[in-house]
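Student: Okay, handing you the structure first.
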Amino acid sequence: MTDENETAHYDGPSGGWGSLRGISRIFGKEWNTPLAMETLMRQNKPRGFMCVSCSWTKPADYHTFEFCENGAKATLWDLTTRRCTPEFFAKHSLTELREWKDYDLEQQGRLTHPLRYDRETDRYVPCDWDEAFQGIARELRALDPKSVIFYSSGRASLETAYLYALFARMYGNNNLPDSSNMCHETTSVALKKVIGASVGTVVFDDLQNCDCMFFFGQNTGSNSPRFLHPLQEAAKRGVKIITFNPVREKGLEFFTNPQSPYEMLTGKETRISCQYHQVRSGGDIAVMLGICKHVFAADDAAKKDGRRVLDVDFIQQHTTGLEEFEAKVRATSWEEIERESGLTRDAIESAAQVYVESDRTIAIYGMGLTQHAHGFENVAMLVNMLLLKGNIGRDGTGVSPVRGHSNVQGQRTVGISEKPELVPLDRIAKQFGFEPPRDKGMNTVEACKGILSGKVSSFIGLGGNFVRAIPERDKMEQAWTKLRLTVQIATKLNRSHLVNGEVAYLLPCLSRTEEDIQASGPQAVTMEDTFSCIHGSIARRKPASEHLRSEPAIVAGIAKATLPPNPKVKWDEWVGNYALIRDLIAETYPEEFHDFNDRMFTPGGFYRGNSARERIWKTEAGKAIFTTPKVMSGARFPDAPGRYRLITLRSNDQFNTTIYGYSDRLRGIEGTRDVLLINPAEMERAGLHAGQVVSLVSDAEDDVEREVFGLKVQPFDLPDGCLGAYYPEMNPLMPVWHHDEQSKTPAAKSVPVRIRTTSETGPVSERLEPPGHSTTTPEGPIPQP
């Protein structure tokens, strides 16, 4: 941590010695044999194993060390020598463990035995696998299938996800939410609507063929650090990289390549972004509209010389809706754009001019666009910007959402979806001889509402830390204990395992680094990266316990015990040979997965295709659609004195809800996660001082008390009106209804809050409205849907 009177910051570049120190800190703590390095050397390489952290691609032309700081941490986290045995649970009740921090729970190491919750003693007790499967099946058979949730996190393989989705539908529902609902479901909904494909159109080679990249709300340095290598190469060859983000993320400012001896020894660093604009949280729609406004003005000027900036041929042949969109852009004043974006006209036009002058542009974004109440409009506006110059469907162009967890995109590809229209149910019905349910299932937010209302009776979790990751956490934990059945499949202990239903099981599984031996011998699994390429993964490490089972084996074991026999459904055979599961996937999805087993180890992965990349628009209009924004802010709520927009952040020492430690190196914050980040001018306006302990209170105006206590005020470079604090600690402040209107993705990047303190001077006074902020919006007060 910096001195209390200084703004927290990190002086060094992303990567470099800091990255190596971050890895070695976990390396020394978690493993001390040469086997750890041998495992890391196989990570993300052909016929190696695929990283369990982010979904960044595994290139055919790989580096010697094809892993990043966080990828190495994730692997070493799985390779720990620590073991969380039945003896541990005999010593500690779940009531006691609920007082532990997330980090301390995971520090207990790998789970070793299947466990059943004993309510009388408030402890987990060991059970054998058959007892667990039969006990779970007995409960499921007694429940209404529509009341059961089948949740999956992003690290399960394609093979596991396919079996899991099949089990849920044969059981009788489409209640298949996954971690995509919490982060990039906005992408799936918006892109499907406007270009007819639910994932990004960019492939890895496009990064080498573009001349411009626009980044919106994506933290490359912490969330996908291997992306920094092609970014560095692009910057060195003159590609213009323009970044819009409320937070100055170090990875998009400077990078020192830890694989370059010259850069490591000399401290040489590469500037990544040639322009970096700290847009106000929720201000991206205004920014992109301003860029489009400049493009139209530049086109007007070019017409006088017989030239065009707009790609007129592309627009006429491939798009619809331009006239209404153009009218909206031209009618919107620069004063409104500046007010909502928090940026000056000059700043926006300087970025827009780069776009005007570039021939091939890629737009890259993360949850800074998707996790807003109007996240759909954010993504749709980004597509509008690209369509103006024909920047979709050409080499070196396209829209590129950078997905998070390693197979979160792939799980949706093979059937993990609550939306029946996205799954080939007729084909599945013919394959397996049953009638799949055709009604819509519950997504993550709907599952939460169902648990709160009592509509949901049971929850099965395939990985993840659902209770810790969701909004409205305090109310959700209270309601969780009223569930009849909870089942968690996991490698390590986390908070979700300590809040149980009446009947509960904790089932330990193999990690992706551990050898999976079945009847036909060692097995391989597959996953999909952020560029829609499919990769095979082979593990070699000895399992942490002889009692562990693979995820496919656990899913099949529960399904076989629960469902009536079906001659077309051969759970035992499929678990004995995962190649048979891949044959099933290829039969269900022949266009994308034909010859699956033959192609799964293609260097760099095999591409499953994207219609929009081929300029085939599978939209209602049969063309790419310009959408006209109805709002100018991604946030649902208007400005008001004393109200802030809270941006939830992940540190450099975490991945999703997994906390590796207390070092947010790239932001200069050490030793704690209990901080409130605020710029010095806002501190002065609010009467705060550095180091002061305050709490944050929800300002959602729904008469629900939500508060997070014990946050230490830390000066930090953020736009006026914005605060920063860590996820998932801030989740209690998010109402379950505070989500994108169309995708229902929680709006974690613009949460309405106030600061509360009980210092001797009394409560923090209402802060003065900072320059450039409006106190009203067309939307009025914050509604509760």
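In the structure tokens, chains take letters A, B, ... by order of appearance, with residues numbered from 1 within each chain and ligands from 1 in the order shown.
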Among segment 334-400 of chain A, which residues does DSSP mark as alpha helix (DSSP H) when it is run on the backbone? Keep the chain and numbering as in the structure and answer as a count of residues only.

Tutor: 39

Student: Mind checking which residues fall within 7 Å of segment 241-250 of chain A, counting only C-alpha atoms, ignoring those fewer than 4 positions away in the same chain, and posting them as a ChimeraX atom specification?

Tutor: /A:13-14,212-217,219,221,254,272-281,351,666,718-719

Student: Per DSSP on the backbone, filter segment 452-549 of chain A down to the residues in strand (DSSP E or B) and report them as a VMD selection string.

Tutor: chain A and resid 458 to 462 485 to 490 492 503 to 509 514 517 to 518 521 to 522 524 to 528 533 to 538 541 549

Student: With N, CA, C and O atoms retained, could you export that selection as a short mmCIF file (atom, residue, chain, number, x, y, z; two decimals), in the first residue's frame?

Tutor:
```cif
data_model
loop_
_atom_site.label_atom_id
_atom_site.label_comp_id
_atom_site.auth_asym_id
_atom_site.auth_seq_id
_atom_site.Cartn_x
_atom_site.Cartn_y
_atom_site.Cartn_z
N SER A 458 -33.89 -26.80 -5.20
CA SER A 458 -32.62 -27.54 -5.20
C SER A 458 -31.62 -26.87 -6.12
O SER A 458 -32.00 -26.27 -7.14
N PHE A 459 -30.35 -27.00 -5.79
CA PHE A 459 -29.27 -26.39 -6.57
C PHE A 459 -28.13 -27.38 -6.70
O PHE A 459 -27.62 -27.89 -5.70
N ILE A 460 -27.73 -27.67 -7.95
CA ILE A 460 -26.55 -28.48 -8.21
C ILE A 460 -25.52 -27.58 -8.87
O ILE A 460 -25.80 -26.93 -9.89
N GLY A 461 -24.34 -27.50 -8.28
CA GLY A 461 -23.30 -26.61 -8.79
C GLY A 461 -22.13 -27.39 -9.34
O GLY A 461 -21.43 -28.08 -8.60
N LEU A 462 -21.90 -27.27 -10.65
CA LEU A 462 -20.74 -27.89 -11.30
C LEU A 462 -19.61 -26.88 -11.28
O LEU A 462 -19.40 -26.11 -12.20
N LEU A 485 -32.21 -29.41 -1.27
CA LEU A 485 -30.99 -30.12 -1.65
C LEU A 485 -29.99 -29.16 -2.27
O LEU A 485 -30.34 -28.35 -3.13
N THR A 486 -28.73 -29.25 -1.85
CA THR A 486 -27.64 -28.55 -2.51
C THR A 486 -26.50 -29.54 -2.74
O THR A 486 -26.16 -30.33 -1.86
N VAL A 487 -25.95 -29.50 -3.95
CA VAL A 487 -24.84 -30.38 -4.33
C VAL A 487 -23.76 -29.51 -4.95
O VAL A 487 -24.05 -28.69 -5.84
N GLN A 488 -22.53 -29.65 -4.48
CA GLN A 488 -21.42 -28.86 -5.01
C GLN A 488 -20.31 -29.80 -5.47
O GLN A 488 -19.86 -30.66 -4.72
N ILE A 489 -19.87 -29.62 -6.72
CA ILE A 489 -18.76 -30.38 -7.30
C ILE A 489 -17.58 -29.43 -7.38
O ILE A 489 -17.67 -28.37 -8.02
N ALA A 490 -16.47 -29.76 -6.74
CA ALA A 490 -15.40 -28.77 -6.58
C ALA A 490 -14.05 -29.43 -6.35
O ALA A 490 -13.96 -30.63 -6.05
N LYS A 492 -11.66 -27.39 -4.39
CA LYS A 492 -11.25 -26.77 -3.13
C LYS A 492 -12.46 -26.22 -2.39
O LYS A 492 -13.51 -25.97 -2.98
N VAL A 503 -30.47 -31.01 2.81
CA VAL A 503 -29.62 -32.14 2.44
C VAL A 503 -28.52 -31.59 1.55
O VAL A 503 -28.80 -30.83 0.61
N ALA A 504 -27.27 -31.94 1.83
CA ALA A 504 -26.16 -31.33 1.08
C ALA A 504 -25.01 -32.31 0.90
O ALA A 504 -24.69 -33.09 1.81
N TYR A 505 -24.39 -32.23 -0.27
CA TYR A 505 -23.22 -33.06 -0.58
C TYR A 505 -22.14 -32.18 -1.20
O TYR A 505 -22.42 -31.27 -1.98
N LEU A 506 -20.90 -32.49 -0.84
CA LEU A 506 -19.73 -31.82 -1.41
C LEU A 506 -18.86 -32.90 -2.07
O LEU A 506 -18.33 -33.77 -1.39
N LEU A 507 -18.76 -32.84 -3.40
CA LEU A 507 -18.15 -33.92 -4.17
C LEU A 507 -16.85 -33.44 -4.82
O LEU A 507 -16.86 -32.53 -5.65
N PRO A 508 -15.71 -34.04 -4.46
CA PRO A 508 -14.42 -33.58 -4.96
C PRO A 508 -14.10 -34.17 -6.34
O PRO A 508 -14.32 -35.36 -6.59
N CYS A 509 -13.57 -33.34 -7.22
CA CYS A 509 -13.28 -33.80 -8.57
C CYS A 509 -11.82 -33.59 -8.92
O CYS A 509 -11.09 -32.84 -8.26
N GLU A 514 -4.70 -33.07 -13.65
CA GLU A 514 -4.52 -34.41 -13.10
C GLU A 514 -4.96 -35.50 -14.08
O GLU A 514 -6.00 -35.38 -14.73
N ILE A 517 -7.87 -41.46 -15.63
CA ILE A 517 -7.83 -42.83 -16.14
C ILE A 517 -9.22 -43.45 -16.06
O ILE A 517 -9.81 -43.52 -14.97
N GLN A 518 -9.74 -43.87 -17.18
CA GLN A 518 -11.03 -44.54 -17.23
C GLN A 518 -10.86 -45.92 -17.88
O GLN A 518 -9.74 -46.37 -18.12
N GLY A 521 -8.53 -46.24 -20.73
CA GLY A 521 -7.20 -45.69 -20.52
C GLY A 521 -7.23 -44.21 -20.21
O GLY A 521 -8.27 -43.66 -19.84
N PRO A 522 -6.09 -43.52 -20.35
CA PRO A 522 -6.03 -42.07 -20.07
C PRO A 522 -6.95 -41.29 -21.01
O PRO A 522 -7.02 -41.58 -22.21
N ALA A 524 -8.60 -37.53 -22.56
CA ALA A 524 -8.38 -36.12 -22.87
C ALA A 524 -9.73 -35.41 -22.86
O ALA A 524 -10.77 -36.04 -23.03
N VAL A 525 -9.69 -34.11 -22.62
CA VAL A 525 -10.90 -33.31 -22.68
C VAL A 525 -10.66 -32.11 -23.60
O VAL A 525 -9.53 -31.89 -24.05
N THR A 526 -11.70 -31.33 -23.86
CA THR A 526 -11.58 -30.21 -24.78
C THR A 526 -12.27 -28.98 -24.21
O THR A 526 -13.13 -29.07 -23.34
N MET A 527 -11.87 -27.82 -24.74
CA MET A 527 -12.49 -26.55 -24.37
C MET A 527 -12.38 -25.57 -25.53
O MET A 527 -11.61 -25.79 -26.47
N GLU A 528 -13.15 -24.50 -25.46
CA GLU A 528 -13.20 -23.48 -26.51
C GLU A 528 -12.62 -22.18 -25.99
O GLU A 528 -12.94 -21.75 -24.88
N CYS A 533 -12.01 -21.24 -31.04
CA CYS A 533 -11.18 -22.37 -31.44
C CYS A 533 -11.23 -23.45 -30.36
O CYS A 533 -11.23 -23.13 -29.16
N ILE A 534 -11.25 -24.71 -30.78
CA ILE A 534 -11.40 -25.85 -29.87
C ILE A 534 -10.04 -26.50 -29.67
O ILE A 534 -9.33 -26.80 -30.65
N HIS A 535 -9.70 -26.77 -28.41
CA HIS A 535 -8.40 -27.33 -28.06
C HIS A 535 -8.54 -28.59 -27.21
O HIS A 535 -9.38 -28.64 -26.30
N GLY A 536 -7.71 -29.58 -27.49
CA GLY A 536 -7.63 -30.75 -26.64
C GLY A 536 -6.69 -30.52 -25.47
O GLY A 536 -5.77 -29.70 -25.54
N SER A 537 -6.93 -31.25 -24.38
CA SER A 537 -6.13 -31.08 -23.16
C SER A 537 -5.86 -32.45 -22.55
O SER A 537 -6.80 -33.23 -22.34
N ILE A 538 -4.59 -32.74 -22.29
CA ILE A 538 -4.19 -34.01 -21.68
C ILE A 538 -3.43 -33.71 -20.39
O ILE A 538 -2.46 -32.95 -20.39
N ARG A 541 -0.49 -35.19 -14.22
CA ARG A 541 -0.14 -35.21 -12.82
C ARG A 541 -0.95 -36.25 -12.06
O ARG A 541 -2.11 -36.52 -12.36
N ARG A 549 -12.97 -38.23 -8.36
CA ARG A 549 -13.51 -38.69 -9.63
C ARG A 549 -13.55 -37.52 -10.61
O ARG A 549 -13.55 -36.35 -10.21
#
```

Student: Leaving out Ser663 of chain A and any residue of its chain fewer than 6 positions from it, which residues lie within 8 Å of it when counting only C-alpha atoms, given as a list of chain:residue names?

Tutor: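 The residues that qualify are A:Ser651, A:Asn652, A:Asp653, A:Ile669, A:Glu670, A:Gly671, A:Thr672.
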
Student: Store the residues of this selection in a file with all heavy atoms, as a compact mmCIF listing (two decimals), in the first residue's frame.

Tutor:
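The new file part_3.txt reads:
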```
# COMPACT_ATOMS: atom_id res chain seq x y z
N SER A 651 -8.65 -7.91 -8.30
CA SER A 651 -7.25 -7.54 -8.08
C SER A 651 -6.34 -8.39 -8.96
O SER A 651 -6.77 -9.37 -9.58
CB SER A 651 -6.87 -7.72 -6.61
OG SER A 651 -6.45 -9.04 -6.36
N ASN A 652 -5.09 -8.01 -8.98
CA ASN A 652 -4.08 -8.78 -9.69
C ASN A 652 -3.83 -10.13 -9.03
O ASN A 652 -3.22 -11.01 -9.63
CB ASN A 652 -2.76 -7.98 -9.74
CG ASN A 652 -1.70 -8.66 -10.58
OD1 ASN A 652 -1.88 -8.82 -11.77
ND2 ASN A 652 -0.61 -9.07 -9.95
N ASP A 653 -4.32 -10.31 -7.81
CA ASP A 653 -4.07 -11.53 -7.04
C ASP A 653 -5.35 -12.34 -6.87
O ASP A 653 -5.56 -12.97 -5.83
CB ASP A 653 -3.49 -11.19 -5.66
CG ASP A 653 -2.25 -12.01 -5.34
OD1 ASP A 653 -1.83 -12.81 -6.19
OD2 ASP A 653 -1.70 -11.85 -4.24
N ILE A 669 -1.68 -1.58 -4.45
CA ILE A 669 -2.41 -1.81 -3.20
C ILE A 669 -1.95 -3.14 -2.62
O ILE A 669 -2.07 -4.18 -3.28
CB ILE A 669 -3.94 -1.82 -3.44
CG1 ILE A 669 -4.36 -0.46 -3.99
CG2 ILE A 669 -4.69 -2.14 -2.16
CD1 ILE A 669 -5.79 -0.42 -4.48
N GLU A 670 -1.43 -3.12 -1.41
CA GLU A 670 -0.86 -4.33 -0.81
C GLU A 670 -1.45 -4.59 0.56
O GLU A 670 -1.75 -3.68 1.32
CB GLU A 670 0.67 -4.17 -0.66
CG GLU A 670 1.42 -3.95 -1.97
CD GLU A 670 1.48 -5.19 -2.84
OE1 GLU A 670 1.29 -6.30 -2.30
OE2 GLU A 670 1.71 -5.05 -4.06
N GLY A 671 -1.65 -5.87 0.86
CA GLY A 671 -1.94 -6.29 2.22
C GLY A 671 -3.38 -6.25 2.65
O GLY A 671 -3.71 -6.63 3.77
N THR A 672 -4.28 -5.79 1.79
CA THR A 672 -5.69 -5.70 2.19
C THR A 672 -6.58 -5.66 0.96
O THR A 672 -6.14 -5.29 -0.13
CB THR A 672 -5.94 -4.44 3.03
OG1 THR A 672 -7.31 -4.41 3.45
CG2 THR A 672 -5.64 -3.18 2.24
```

Student: Got a sec: who's within 8 Å of Asn70 of chain A, counting only C-alpha atoms, leaving out chain neighbours fewer than 3 positions off, as a PDB file with N, CA and C atoms, in the first residue's frame?

Tutor:
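To be explicit, this is the file written out as result-v4.pdb:
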```
ATOM      1  N   ILE A  23       4.473 -14.833  -9.527  1.00  0.00           N
ATOM      2  CA  ILE A  23       4.412 -16.278  -9.733  1.00  0.00           C
ATOM      3  C   ILE A  23       5.228 -17.003  -8.672  1.00  0.00           C
ATOM      4  N   SER A  53      -7.480 -20.989 -16.074  1.00  0.00           N
ATOM      5  CA  SER A  53      -7.768 -19.587 -15.787  1.00  0.00           C
ATOM      6  C   SER A  53      -8.531 -18.981 -16.965  1.00  0.00           C
ATOM      7  N   LYS A  73      -0.479 -19.015 -11.467  1.00  0.00           N
ATOM      8  CA  LYS A  73      -1.070 -19.065 -10.131  1.00  0.00           C
ATOM      9  C   LYS A  73      -2.199 -20.078 -10.065  1.00  0.00           C
ATOM     10  N   ALA A  74      -3.056 -20.089 -11.094  1.00  0.00           N
ATOM     11  CA  ALA A  74      -4.186 -21.022 -11.104  1.00  0.00           C
ATOM     12  C   ALA A  74      -3.703 -22.462 -11.120  1.00  0.00           C
ATOM     13  N   SER A 222      -4.599  -7.975 -15.877  1.00  0.00           N
ATOM     14  CA  SER A 222      -4.986  -8.911 -14.825  1.00  0.00           C
ATOM     15  C   SER A 222      -5.844 -10.057 -15.344  1.00  0.00           C
ATOM     16  N   ASN A 223      -6.673  -9.815 -16.358  1.00  0.00           N
ATOM     17  CA  ASN A 223      -7.662 -10.809 -16.759  1.00  0.00           C
ATOM     18  C   ASN A 223      -7.234 -11.699 -17.912  1.00  0.00           C
ATOM     19  N   PRO A 225      -3.482 -11.825 -19.346  1.00  0.00           N
ATOM     20  CA  PRO A 225      -2.145 -11.265 -19.557  1.00  0.00           C
ATOM     21  C   PRO A 225      -1.408 -11.780 -20.793  1.00  0.00           C
ATOM     22  N   ASN A 652      -5.088  -8.010  -8.979  1.00  0.00           N
ATOM     23  CA  ASN A 652      -4.076  -8.780  -9.693  1.00  0.00           C
ATOM     24  C   ASN A 652      -3.829 -10.131  -9.034  1.00  0.00           C
ATOM     25  N   ASP A 653      -4.315 -10.305  -7.807  1.00  0.00           N
ATOM     26  CA  ASP A 653      -4.068 -11.530  -7.041  1.00  0.00           C
ATOM     27  C   ASP A 653      -5.350 -12.343  -6.869  1.00  0.00           C
ATOM     28  N   GLN A 654      -6.209 -12.333  -7.888  1.00  0.00           N
ATOM     29  CA  GLN A 654      -7.413 -13.148  -7.822  1.00  0.00           C
ATOM     30  C   GLN A 654      -7.840 -13.528  -9.223  1.00  0.00           C
ATOM     31  N   PHE A 655      -8.677 -14.561  -9.319  1.00  0.00           N
ATOM     32  CA  PHE A 655      -9.350 -14.885 -10.560  1.00  0.00           C
ATOM     33  C   PHE A 655     -10.790 -15.205 -10.206  1.00  0.00           C
TER      34      PHE A 655
END
```

Student: At most 8 Å is the cut-off: for each residue in segment 279-362 of chain A with any atom that close to an atom of segment 630-649 of chain A, write down the nearest atom pair and the distance in Å rounded to one decimal, counting only C-alpha atoms, chain first then increasing number, as a tab-separated table.

Tutor:
```
residue	atom	partner	partner_atom	distance
A:Ser281	CA	A:Arg645	CA	6.8
A:Gly282	CA	A:Gly634	CA	4.2
A:Gly283	CA	A:Ser633	CA	5.4
A:Asp284	CA	A:Gly634	CA	7.1
A:Ile285	CA	A:Met632	CA	5.7
A:Ala286	CA	A:Met632	CA	5.5
A:Ile337	CA	A:Met632	CA	7.8
A:Glu340	CA	A:Ser633	CA	6.4
A:Ser341	CA	A:Ser633	CA	7.9
```

Student: Do you have the atom CA of Asn731 of chain A-atom CA of Pro471 of chain A distance handy?

Tutor: 5.1 Å

Student: Here is a test: counting only C-alpha atoms, which residue of A:Val203, A:Tyr607, A:Glu106, A:Pro420 is nearest to Asn465 of chain A?

Tutor: A:Glu106

Student: With only C-alpha atoms as the atoms that count, which of A:Arg756, A:Arg271, A:Arg665, A:Arg339 lies nearest to Gly687 of chain A?

Tutor: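 Smallest separation from Gly687 of chain A among the options: A:Arg756.
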
Student: In terms of the shortest atom-to-atom distance over only C-alpha atoms, which of A:Glu233, A:Asp118, A:Glu324, A:Asp178 is closest to Ile625 of chain A?

Tutor: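 Looking at the shortest contact to Ile625 of chain A, the residue is A:Glu324.
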
Student: May I ask for the distance between atom CA of Lys293 of chain A and atom CA of Val383 of chain A, given in Å to one decimal place?

Tutor: 14.6 Å

Student: Which residue is closest to Lys101 of chain A? Choose from A:Glu729, A:Glu502, A:Asp206, A:Glu69 and count only C-alpha atoms.

Tutor: A:Glu729

Student: Which residue gives the smallest distance to Ser198 of chain A among A:His184, A:Arg673, A:Arg650, A:Arg119, with only C-alpha atoms counted?

Tutor: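 Comparing A:His184, A:Arg673, A:Arg650, A:Arg119 against Ser198 of chain A, the winner is A:His184.
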
Student: Which residue out of A:Arg427, A:Arg613, A:Arg237, A:His405 has the minimum interatomic distance to Ser152 of chain A when only C-alpha atoms are used?

Tutor: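 Looking at the shortest contact to Ser152 of chain A, the residue is A:His405.
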